[in-house]
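*Asks:* Before anything else, here's the structure in question.
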Amino acid sequence: MKLRLLLGSFAATAALAGCNSSDQPAAPVVAPTEVVAVQTPPPEYPPELACAGIGGKSVLNVVVGAEGKPTNVTVITSSGNTQLDESATARVREWKFKAATRNGQPVPTTIQVPVTFNPPQPKPDECFAIEERARRGG
């Protein structure tokens with residue numbers, strides 16, 4: 001009986017010894033983070049379009065690089081107006097982000113950015129001058 005207890009104790013000790021291996025401990029897991037917009041100035045809204053009541057929504061596909069700068073910006077859904085799409089694309093290319101991270105390291109990430117152009121209500125005073133120039137052919 002003593003021999004059986006002694007062997008059982010030895011087996012348990014050997015099994016536990018394998019758990020406390022002298023291998024390097026596992027690196028701590030760092031939670032991932034998502035991309036965060038830091039500086040997002042609005043795009044130029046061409047006054048002649050705003051005054052004419054032309055608006056829309058451009059949806060852009062934006063690849064944010066590990067440095068937090070857009071590396072590629074393309075139109076996924078057009079606003080229906082080339083000038084608005086181009087204005088949105090040009091401005092978003094200038095935006096600044098805090099890059100997403102994986103295991104504590106910044107990584108490129110692709111996001112979708114909607115940019116909406118809503119015509120101002122009421123019309124700004126500038127619109128009356130634009131309308132007058134258009135009536136006079138200039």
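Ordering of the structure tokens sets the chain letters (A, B, ...), residue numbers begin anew at 1 in every chain, and ligands are numbered from 1 in the order given.
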Once DSSP has gone over the backbone, tell me which residues of stretch 19-73 of chain A are in strand (DSSP E or B), as a list in words.

*Replies:*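 Everything in stretch 19-73 of chain A that counts as strand (DSSP E or B) is Thr33, Val36, Ala37, Val38, Gln39, Gly56, Lys57, Ser58, Val59, Leu60, Asn61, Val62, Val63, Val64, Pro70, Thr71, Asn72 and Val73 of chain A.
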
*Asks:* Write the residues of the selection above to a file with N, CA and C atoms, as a JSON list (two decimals), in the first residue's frame.

*Replies:*
```json
[["chain", "number", "residue", "atom", "x", "y", "z"],
["A", 33, "THR", "N", -6.84, 47.91, -30.94],
["A", 33, "THR", "CA", -7.59, 49.16, -30.97],
["A", 33, "THR", "C", -8.03, 49.43, -32.39],
["A", 36, "VAL", "N", -8.98, 55.77, -35.15],
["A", 36, "VAL", "CA", -9.71, 56.90, -34.57],
["A", 36, "VAL", "C", -9.38, 58.14, -35.38],
["A", 37, "ALA", "N", -10.42, 58.85, -35.81],
["A", 37, "ALA", "CA", -10.22, 60.10, -36.55],
["A", 37, "ALA", "C", -9.76, 61.17, -35.57],
["A", 38, "VAL", "N", -8.72, 61.91, -35.94],
["A", 38, "VAL", "CA", -8.15, 62.94, -35.07],
["A", 38, "VAL", "C", -8.43, 64.34, -35.63],
["A", 39, "GLN", "N", -8.13, 64.55, -36.90],
["A", 39, "GLN", "CA", -8.39, 65.84, -37.54],
["A", 39, "GLN", "C", -9.19, 65.58, -38.81],
["A", 56, "GLY", "N", -25.68, 66.08, -51.70],
["A", 56, "GLY", "CA", -25.57, 64.63, -51.86],
["A", 56, "GLY", "C", -24.64, 64.04, -50.84],
["A", 57, "LYS", "N", -24.47, 62.74, -50.93],
["A", 57, "LYS", "CA", -23.61, 62.01, -49.99],
["A", 57, "LYS", "C", -22.64, 61.13, -50.77],
["A", 58, "SER", "N", -21.35, 61.37, -50.56],
["A", 58, "SER", "CA", -20.29, 60.54, -51.12],
["A", 58, "SER", "C", -19.87, 59.55, -50.05],
["A", 59, "VAL", "N", -19.72, 58.29, -50.41],
["A", 59, "VAL", "CA", -19.17, 57.31, -49.48],
["A", 59, "VAL", "C", -17.81, 56.91, -50.01],
["A", 60, "LEU", "N", -16.80, 57.10, -49.16],
["A", 60, "LEU", "CA", -15.42, 56.87, -49.57],
["A", 60, "LEU", "C", -14.84, 55.64, -48.89],
["A", 61, "ASN", "N", -14.02, 54.90, -49.61],
["A", 61, "ASN", "CA", -13.23, 53.81, -49.06],
["A", 61, "ASN", "C", -11.87, 54.40, -48.75],
["A", 62, "VAL", "N", -11.46, 54.34, -47.48],
["A", 62, "VAL", "CA", -10.22, 54.98, -47.04],
["A", 62, "VAL", "C", -9.30, 53.94, -46.41],
["A", 63, "VAL", "N", -8.10, 53.81, -46.95],
["A", 63, "VAL", "CA", -7.08, 52.96, -46.33],
["A", 63, "VAL", "C", -6.23, 53.88, -45.46],
["A", 64, "VAL", "N", -6.28, 53.65, -44.14],
["A", 64, "VAL", "CA", -5.49, 54.43, -43.20],
["A", 64, "VAL", "C", -4.23, 53.63, -42.90],
["A", 70, "PRO", "N", -4.20, 58.74, -44.55],
["A", 70, "PRO", "CA", -4.83, 57.99, -45.64],
["A", 70, "PRO", "C", -3.81, 57.69, -46.74],
["A", 71, "THR", "N", -3.74, 56.44, -47.14],
["A", 71, "THR", "CA", -2.82, 56.05, -48.22],
["A", 71, "THR", "C", -3.57, 55.83, -49.53],
["A", 72, "ASN", "N", -4.89, 55.62, -49.44],
["A", 72, "ASN", "CA", -5.70, 55.42, -50.64],
["A", 72, "ASN", "C", -7.13, 55.85, -50.31],
["A", 73, "VAL", "N", -7.70, 56.70, -51.16],
["A", 73, "VAL", "CA", -9.08, 57.16, -50.97],
["A", 73, "VAL", "C", -9.79, 57.02, -52.31]]
```

*Asks:* Contacts between stretch 115-129 of chain A and stretch 58-100 of chain A, please, where a residue of stretch 58-100 of chain A counts if it comes within 10 Å (with only C-alpha atoms); show its shortest atom pair and distance in Å to one decimal, rows by chain and ascending number, as JSON lines.

*Replies:*
```
{"residue": "A:Ser58", "atom": "CA", "partner": "A:Val115", "partner_atom": "CA", "distance": 5.2}
{"residue": "A:Val59", "atom": "CA", "partner": "A:Val115", "partner_atom": "CA", "distance": 6.2}
{"residue": "A:Leu60", "atom": "CA", "partner": "A:Val115", "partner_atom": "CA", "distance": 7.7}
{"residue": "A:Ser79", "atom": "CA", "partner": "A:Thr116", "partner_atom": "CA", "distance": 8.2}
{"residue": "A:Leu84", "atom": "CA", "partner": "A:Phe117", "partner_atom": "CA", "distance": 7.7}
{"residue": "A:Asp85", "atom": "CA", "partner": "A:Val115", "partner_atom": "CA", "distance": 8.8}
{"residue": "A:Ser87", "atom": "CA", "partner": "A:Val115", "partner_atom": "CA", "distance": 9.8}
{"residue": "A:Ala88", "atom": "CA", "partner": "A:Val115", "partner_atom": "CA", "distance": 6.5}
{"residue": "A:Thr89", "atom": "CA", "partner": "A:Val115", "partner_atom": "CA", "distance": 9.1}
{"residue": "A:Val92", "atom": "CA", "partner": "A:Val115", "partner_atom": "CA", "distance": 9.1}
```

*Asks:* Between atom CA of A:Leu49 and atom CA of A:Glu86, what distance in Å does the model show, to one decimal?

*Replies:* 13.2 Å

*Asks:* Counting only C-alpha atoms, which of A:Pro41, A:Pro47, A:Val30, A:Val35 gets nearest to A:Glu131?

*Replies:*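 Once distances to A:Glu131 are computed over only C-alpha atoms, the minimum belongs to A:Pro47.
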
*Asks:* Could you please write out, as number ranges by chain, every residue of stretch 10-95 of chain A that DSSP assigns to helix (DSSP H, G or I)?

*Replies:* A: 10-19, 47-51, 82-92

*Asks:* So how far away is atom CA of A:Gly104 from atom CA of A:Pro28, in Å?

*Replies:*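 Between these atoms lies a distance of 10.4 Å.
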
*Asks:* In Å, rounded to a single decimal, give me how far atom CA of A:Gly53 is from atom CA of A:Ile111.

*Replies:*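 Atom CA of A:Gly53 lies 29.0 Å from atom CA of A:Ile111.
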
*Asks:* Please determine, counting only C-alpha atoms, which residue among A:Thr82, A:Ala50, A:Lys98, A:Tyr45 has the shortest atom-to-atom distance to A:Gly68.

*Replies:*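 Of A:Thr82, A:Ala50, A:Lys98, A:Tyr45, the one nearest A:Gly68 is A:Lys98, counting only C-alpha atoms.
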
*Asks:* Identify which of the residues A:Gln83, A:Thr77, A:Gln24, A:Thr109 lies closest to A:Phe97, counting only C-alpha atoms when measuring atom-to-atom distances.

*Replies:* A:Thr109
